[in-house]
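Visitor: Would you mind keeping the following structure in view while I ask a few things?
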Amino acid sequence: MDFSLSDEQRAIRDTVRAFVTREVVPLEAQVLRNERDGRPGLEPGVLESLQDKAHTMGFWGITTPEEFGGIALGPVMNAVLTMELGRTFVPFRFGGSADNILFDASPDQQDTYLLPTIAGQRRSCFAITEPGAGSDARNIRTRARRDGDDWVITGEKTFITGGTEADFAILFAVTDPDLGADGGVTCFLVDREMGWTSSPIPTMGEWGPASLSFDEVRVPARNVLGEVGKGFEKALRWIGQGRYLIPAKAVGSAERLLGMAVEHATVRESMGHKIAEYQAIQWQIADSAVEIESTKWLTLHAAWRAETGRDARHATSIAKLTGALMANQVVDRVLQIHGGMGYTKELPVERWYRELRLLRIYEGTDEIQRRTIARNLLKGHVALATIGE
């Protein structure tokens with residue numbers, strides 16, 4: 001049983017780690033200053049410039065198939081690189097990618113939506129969550145009714161990442177209320193110019209979601225992504241990817257935070273001793289290290305199952321639940337170790353504290369993951385793990 005990365009994989013990881021350290025982390029001080037003054041963290045174009053630099057290094061379309069100009073590294077390396085990007089709170093990501101389900105687009109849809117998104121000319125948002133249908137995505141109420149060659153969509157979406165900036169939405173609506181999620185939900189590609197509007201939602205962190213409003217928005221039938229009634233399957237596939245990338249981000253963030261705590265503990269003195277000498281501090285550091293390492297392997301296992309074509313749903317729920325809880329426990333300990341300074345906006349710890357709290361909510365709350373894991377076991381959908389399965 002070999003858990004090591006190949007030489008090529010290790011080289012890719014190390015190159016990305018160096019890029020993040022050299023190009024992205026130095027922006028953190030600027031982000032903190034700007035946000036303290038009530039301004040956006042980064043000026044327009046900064047992240048795009050970084051994407052261009054990464055592109056010249058060959059990092060473009062990390063998960064994009066080669067026929068679309070990407071390098072298609074696969075779920076395992078996607079998770080590894082997400083861990084590296086998680087080491088900074090600057091919201092950088094490599095360019096040249098698109099939502100995984102957008103690759104199901106027809107040839108005409110590829111020209112209109114997929115290829116411009118990969119090129120960075122268009123921006124999408126994934127719109128399934130509603131005011132009354134967050135964790136229970138089966139309860140969506142947005143309706144689409146057929147009218148000649150068009151569909152007319154009415155409803156509201158909420159907490160949509162990128163909804164303020166997107167120029168088209170990957171929207172899920174009920175087309176057959178009798179069937180609901182079991183064959184009655186359809187996925188649509190809906191341009192903003194077709195008539196939907198968005199409003200930003202203020203949150204405790206720097207995540208900037210939006211609410212979307214659809215009032216009799218007319219969408220051509222050619223804008224159905226995939227088949228009518230098959231949308232819920234696509235939604236689950238999109239969400240499933242997030243459930244191993246979220247804990248991957250959690251691992252990277254927690255490793256960086258723990259490193260800050262170790263550094264602080266070895267220089268900070270209290271009552272004549274470095275605080276690293278106190279058992280209370282040592283145990284917090286030790287517990288954090290154990291939890292990070294555990295989450296790392298659960299995450300990579302979930303990604304490996306996805307990469308090898310195995311059913312990864314149970315494993316991704318375990319990884320997502322573990323990673324979200326771990327990140328919040330670690331950042332809380334790190335803030336405590338830093339004392340009063342950790343609570344100030346001079347250091348990034350309190351910012352990470354607010355940002356990481358979101359991990360326990362989106363892409364399926366802690367409660368939903370526990371429900372899924374328990375249901376899988378109680379109904380016999382999965383057996384208690386056996387080595388090699």
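Please note that chains go A, B, ... in the order of the structure tokens, that every chain numbers its residues from 1, and that ligands are numbered from 1 in the order shown.
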Skip A:Ala119 itself and residues of its chain fewer than 6 positions away, then list as a ChimeraX atom specification all residues within 9 Å of it, counting only C-alpha atoms.
Guide: /A:95-97
Visitor: Hey, can you spit out that residue selection with all heavy atoms as a compact mmCIF listing (two decimals), in the first residue's frame?
Guide:
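What follows is the written file out-v3.txt:
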# COMPACT_ATOMS: atom_id res chain seq x y z
N GLY A 95 -7.02 29.80 -13.28
CA GLY A 95 -7.97 30.04 -14.36
C GLY A 95 -8.12 28.83 -15.26
O GLY A 95 -7.49 27.80 -15.07
N GLY A 96 -8.99 29.00 -16.25
CA GLY A 96 -9.15 27.95 -17.25
C GLY A 96 -10.06 26.82 -16.86
O GLY A 96 -9.99 25.73 -17.44
N SER A 97 -10.92 27.04 -15.87
CA SER A 97 -11.81 25.98 -15.40
C SER A 97 -13.27 26.38 -15.57
O SER A 97 -13.59 27.55 -15.82
CB SER A 97 -11.52 25.65 -13.93
OG SER A 97 -10.22 25.14 -13.77
Visitor: Need the shell around stretch 13-24 of chain A: protein/DNA/RNA residues with any atom at most 10 Å away, counting only C-alpha atoms. Skip same-chain ones fewer than 2 positions apart. Format as a PDB file with C-alpha atoms, in the first residue's frame?
Guide:
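Saved the output as around-v7.pdb:
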ATOM      1  CA  LEU A   5       2.920  11.004  -4.461  1.00  0.00           C
ATOM      2  CA  ASP A   7       7.751  12.423  -8.581  1.00  0.00           C
ATOM      3  CA  GLU A   8       5.584  14.346 -11.049  1.00  0.00           C
ATOM      4  CA  GLN A   9       2.819  14.906  -8.518  1.00  0.00           C
ATOM      5  CA  ARG A  10       5.303  16.048  -5.892  1.00  0.00           C
ATOM      6  CA  ALA A  11       6.874  18.486  -8.355  1.00  0.00           C
ATOM      7  CA  PRO A  26       2.367  38.669   0.275  1.00  0.00           C
ATOM      8  CA  LEU A  27      -1.031  40.115  -0.704  1.00  0.00           C
ATOM      9  CA  GLU A  28      -2.524  39.235   2.676  1.00  0.00           C
ATOM     10  CA  LEU A  47      -6.287  37.998  -9.170  1.00  0.00           C
ATOM     11  CA  LEU A  50      -1.948  36.172 -10.875  1.00  0.00           C
ATOM     12  CA  LYS A  53       1.326  34.315 -14.206  1.00  0.00           C
ATOM     13  CA  ALA A  54       0.203  30.838 -13.283  1.00  0.00           C
ATOM     14  CA  MET A  57       3.842  28.254 -15.717  1.00  0.00           C
ATOM     15  CA  PHE A  59      -1.230  25.929 -14.447  1.00  0.00           C
ATOM     16  CA  MET A  77      -4.272  16.260  -7.405  1.00  0.00           C
ATOM     17  CA  VAL A  80      -3.743  18.310  -3.118  1.00  0.00           C
ATOM     18  CA  LEU A  81      -3.586  21.667  -4.910  1.00  0.00           C
ATOM     19  CA  THR A  82      -6.681  22.910  -3.075  1.00  0.00           C
ATOM     20  CA  MET A  83      -4.808  22.194   0.156  1.00  0.00           C
ATOM     21  CA  GLU A  84      -1.966  24.372  -1.099  1.00  0.00           C
ATOM     22  CA  LEU A  85      -4.307  27.219  -2.104  1.00  0.00           C
ATOM     23  CA  GLY A  86      -6.006  26.901   1.287  1.00  0.00           C
ATOM     24  CA  ARG A  87      -2.803  28.076   2.966  1.00  0.00           C
ATOM     25  CA  THR A  88      -3.838  31.663   2.258  1.00  0.00           C
ATOM     26  CA  PHE A  89      -7.123  33.497   2.709  1.00  0.00           C
ATOM     27  CA  VAL A  90      -6.536  35.469  -0.509  1.00  0.00           C
ATOM     28  CA  PRO A  91      -9.265  34.035  -2.797  1.00  0.00           C
ATOM     29  CA  PHE A  92      -6.966  32.940  -5.604  1.00  0.00           C
TER      30      PHE A  92
END
Visitor: Running DSSP on the backbone, which parts of stretch 7-46 of chain A land in helix (DSSP H, G or I), as a VMD selection string?
Guide: chain A and resid 7 to 36 46
Visitor: Give me the residues near A:Arg354 as a ChimeraX atom specification, where near means some atom within 9 Å (using only C-alpha atoms) and where sequence neighbours in that chain fewer than 5 positions away do not count.
Guide: /A:204-206,349
Visitor: Counting only C-alpha atoms, what is within 12 Å of A:Arg268, bar same-chain residues fewer than 3 positions away, as a PyMOL selection string?
Guide: chain A and resi 260-265+271-278+281+337-339+341
Visitor: As a PDB file with N, CA and C atoms, in the first residue's frame, please: the residues near A:Gly163 (cut-off 12 Å, only C-alpha atoms, same-chain neighbours under 5 positions excluded).
Guide:
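The result, written out as part.pdb:
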ATOM      1  N   ARG A 123     -18.699  34.415 -16.591  1.00  0.00           N
ATOM      2  CA  ARG A 123     -18.694  33.913 -15.220  1.00  0.00           C
ATOM      3  C   ARG A 123     -20.041  33.278 -14.912  1.00  0.00           C
ATOM      4  N   SER A 124     -19.993  32.123 -14.288  1.00  0.00           N
ATOM      5  CA  SER A 124     -21.208  31.395 -13.955  1.00  0.00           C
ATOM      6  C   SER A 124     -21.453  31.426 -12.456  1.00  0.00           C
ATOM      7  N   CYS A 125     -22.652  31.035 -12.070  1.00  0.00           N
ATOM      8  CA  CYS A 125     -22.953  30.745 -10.668  1.00  0.00           C
ATOM      9  C   CYS A 125     -23.873  29.531 -10.637  1.00  0.00           C
ATOM     10  N   PHE A 126     -23.744  28.746  -9.590  1.00  0.00           N
ATOM     11  CA  PHE A 126     -24.517  27.520  -9.415  1.00  0.00           C
ATOM     12  C   PHE A 126     -25.697  27.854  -8.525  1.00  0.00           C
ATOM     13  N   ALA A 127     -26.918  27.785  -9.059  1.00  0.00           N
ATOM     14  CA  ALA A 127     -28.091  28.295  -8.355  1.00  0.00           C
ATOM     15  C   ALA A 127     -29.087  27.187  -8.058  1.00  0.00           C
ATOM     16  N   ILE A 128     -28.976  26.619  -6.863  1.00  0.00           N
ATOM     17  CA  ILE A 128     -29.951  25.620  -6.419  1.00  0.00           C
ATOM     18  C   ILE A 128     -30.570  25.984  -5.082  1.00  0.00           C
ATOM     19  N   THR A 129     -29.797  26.573  -4.152  1.00  0.00           N
ATOM     20  CA  THR A 129     -30.293  26.877  -2.808  1.00  0.00           C
ATOM     21  C   THR A 129     -31.381  27.949  -2.848  1.00  0.00           C
ATOM     22  N   LYS A 157     -33.563  32.294  -5.591  1.00  0.00           N
ATOM     23  CA  LYS A 157     -32.426  31.536  -5.088  1.00  0.00           C
ATOM     24  C   LYS A 157     -31.690  32.394  -4.069  1.00  0.00           C
ATOM     25  N   THR A 158     -31.012  31.754  -3.134  1.00  0.00           N
ATOM     26  CA  THR A 158     -30.320  32.523  -2.101  1.00  0.00           C
ATOM     27  C   THR A 158     -28.985  31.896  -1.751  1.00  0.00           C
ATOM     28  N   PHE A 168     -24.211  34.494 -16.161  1.00  0.00           N
ATOM     29  CA  PHE A 168     -25.218  33.466 -16.402  1.00  0.00           C
ATOM     30  C   PHE A 168     -25.264  32.527 -15.209  1.00  0.00           C
ATOM     31  N   ALA A 169     -26.456  31.974 -15.003  1.00  0.00           N
ATOM     32  CA  ALA A 169     -26.676  31.069 -13.870  1.00  0.00           C
ATOM     33  C   ALA A 169     -26.912  29.655 -14.372  1.00  0.00           C
ATOM     34  N   ILE A 170     -26.331  28.690 -13.659  1.00  0.00           N
ATOM     35  CA  ILE A 170     -26.665  27.282 -13.863  1.00  0.00           C
ATOM     36  C   ILE A 170     -27.783  27.014 -12.865  1.00  0.00           C
ATOM     37  N   LEU A 171     -29.006  27.098 -13.354  1.00  0.00           N
ATOM     38  CA  LEU A 171     -30.194  27.176 -12.509  1.00  0.00           C
ATOM     39  C   LEU A 171     -30.965  25.854 -12.495  1.00  0.00           C
ATOM     40  N   ASP A 191     -28.951  33.335 -18.977  1.00  0.00           N
ATOM     41  CA  ASP A 191     -28.174  34.576 -19.062  1.00  0.00           C
ATOM     42  C   ASP A 191     -28.819  35.660 -18.209  1.00  0.00           C
ATOM     43  N   ARG A 192     -27.985  36.486 -17.598  1.00  0.00           N
ATOM     44  CA  ARG A 192     -28.526  37.595 -16.805  1.00  0.00           C
ATOM     45  C   ARG A 192     -29.398  38.494 -17.678  1.00  0.00           C
ATOM     46  N   TRP A 196     -33.061  37.977 -15.049  1.00  0.00           N
ATOM     47  CA  TRP A 196     -32.944  37.763 -13.605  1.00  0.00           C
ATOM     48  C   TRP A 196     -32.071  38.831 -12.964  1.00  0.00           C
ATOM     49  N   THR A 197     -32.315  39.073 -11.696  1.00  0.00           N
ATOM     50  CA  THR A 197     -31.571  40.101 -10.965  1.00  0.00           C
ATOM     51  C   THR A 197     -30.927  39.488  -9.729  1.00  0.00           C
ATOM     52  N   SER A 198     -29.965  40.202  -9.170  1.00  0.00           N
ATOM     53  CA  SER A 198     -29.271  39.717  -7.979  1.00  0.00           C
ATOM     54  C   SER A 198     -29.080  40.832  -6.972  1.00  0.00           C
ATOM     55  N   SER A 199     -28.997  40.431  -5.692  1.00  0.00           N
ATOM     56  CA  SER A 199     -28.729  41.375  -4.615  1.00  0.00           C
ATOM     57  C   SER A 199     -27.727  40.739  -3.661  1.00  0.00           C
ATOM     58  N   PRO A 200     -26.672  41.477  -3.264  1.00  0.00           N
ATOM     59  CA  PRO A 200     -25.675  40.903  -2.348  1.00  0.00           C
ATOM     60  C   PRO A 200     -26.257  40.667  -0.959  1.00  0.00           C
ATOM     61  N   ILE A 201     -25.739  39.637  -0.284  1.00  0.00           N
ATOM     62  CA  ILE A 201     -26.161  39.303   1.078  1.00  0.00           C
ATOM     63  C   ILE A 201     -24.974  39.520   2.012  1.00  0.00           C
ATOM     64  N   TRP A 207     -17.049  36.132   2.468  1.00  0.00           N
ATOM     65  CA  TRP A 207     -17.800  35.483   1.400  1.00  0.00           C
ATOM     66  C   TRP A 207     -18.938  36.398   0.982  1.00  0.00           C
ATOM     67  N   GLY A 208     -19.101  36.607  -0.323  1.00  0.00           N
ATOM     68  CA  GLY A 208     -20.111  37.535  -0.811  1.00  0.00           C
ATOM     69  C   GLY A 208     -21.193  36.867  -1.630  1.00  0.00           C
ATOM     70  N   PRO A 209     -22.111  36.123  -0.984  1.00  0.00           N
ATOM     71  CA  PRO A 209     -23.173  35.471  -1.740  1.00  0.00           C
ATOM     72  C   PRO A 209     -24.240  36.468  -2.174  1.00  0.00           C
ATOM     73  N   ALA A 210     -25.187  35.973  -2.953  1.00  0.00           N
ATOM     74  CA  ALA A 210     -26.253  36.838  -3.444  1.00  0.00           C
ATOM     75  C   ALA A 210     -27.570  36.090  -3.467  1.00  0.00           C
ATOM     76  N   SER A 211     -28.640  36.851  -3.449  1.00  0.00           N
ATOM     77  CA  SER A 211     -29.958  36.292  -3.731  1.00  0.00           C
ATOM     78  C   SER A 211     -30.279  36.599  -5.185  1.00  0.00           C
ATOM     79  N   LEU A 212     -30.915  35.658  -5.863  1.00  0.00           N
ATOM     80  CA  LEU A 212     -31.279  35.817  -7.268  1.00  0.00           C
ATOM     81  C   LEU A 212     -32.793  35.771  -7.389  1.00  0.00           C
ATOM     82  N   SER A 213     -33.339  36.637  -8.221  1.00  0.00           N
ATOM     83  CA  SER A 213     -34.776  36.699  -8.411  1.00  0.00           C
ATOM     84  C   SER A 213     -35.126  36.433  -9.874  1.00  0.00           C
TER      85      SER A 213
END
Visitor: Name the residues of stretch 246-320 of chain A that fall into strand (DSSP E or B) according to DSSP on the backbone, using the chain letters and numbers of this document, as number ranges by chain.
Guide: A: 269-270, 273-274
Visitor: Any chance you can output those residues with N, CA and C atoms as a PDB file, in the first residue's frame?
Guide:
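Now in selection38.pdb:
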ATOM      1  N   GLU A 269       6.287  34.969  25.725  1.00  0.00           N
ATOM      2  CA  GLU A 269       6.584  34.607  27.101  1.00  0.00           C
ATOM      3  C   GLU A 269       5.452  35.016  28.028  1.00  0.00           C
ATOM      4  N   SER A 270       5.230  34.190  29.031  1.00  0.00           N
ATOM      5  CA  SER A 270       4.249  34.507  30.069  1.00  0.00           C
ATOM      6  C   SER A 270       4.749  33.929  31.382  1.00  0.00           C
ATOM      7  N   HIS A 273       8.222  32.214  31.213  1.00  0.00           N
ATOM      8  CA  HIS A 273       8.447  31.046  30.363  1.00  0.00           C
ATOM      9  C   HIS A 273       7.823  31.256  28.986  1.00  0.00           C
ATOM     10  N   LYS A 274       8.429  30.628  27.987  1.00  0.00           N
ATOM     11  CA  LYS A 274       7.779  30.568  26.684  1.00  0.00           C
ATOM     12  C   LYS A 274       6.473  29.783  26.866  1.00  0.00           C
TER      13      LYS A 274
END
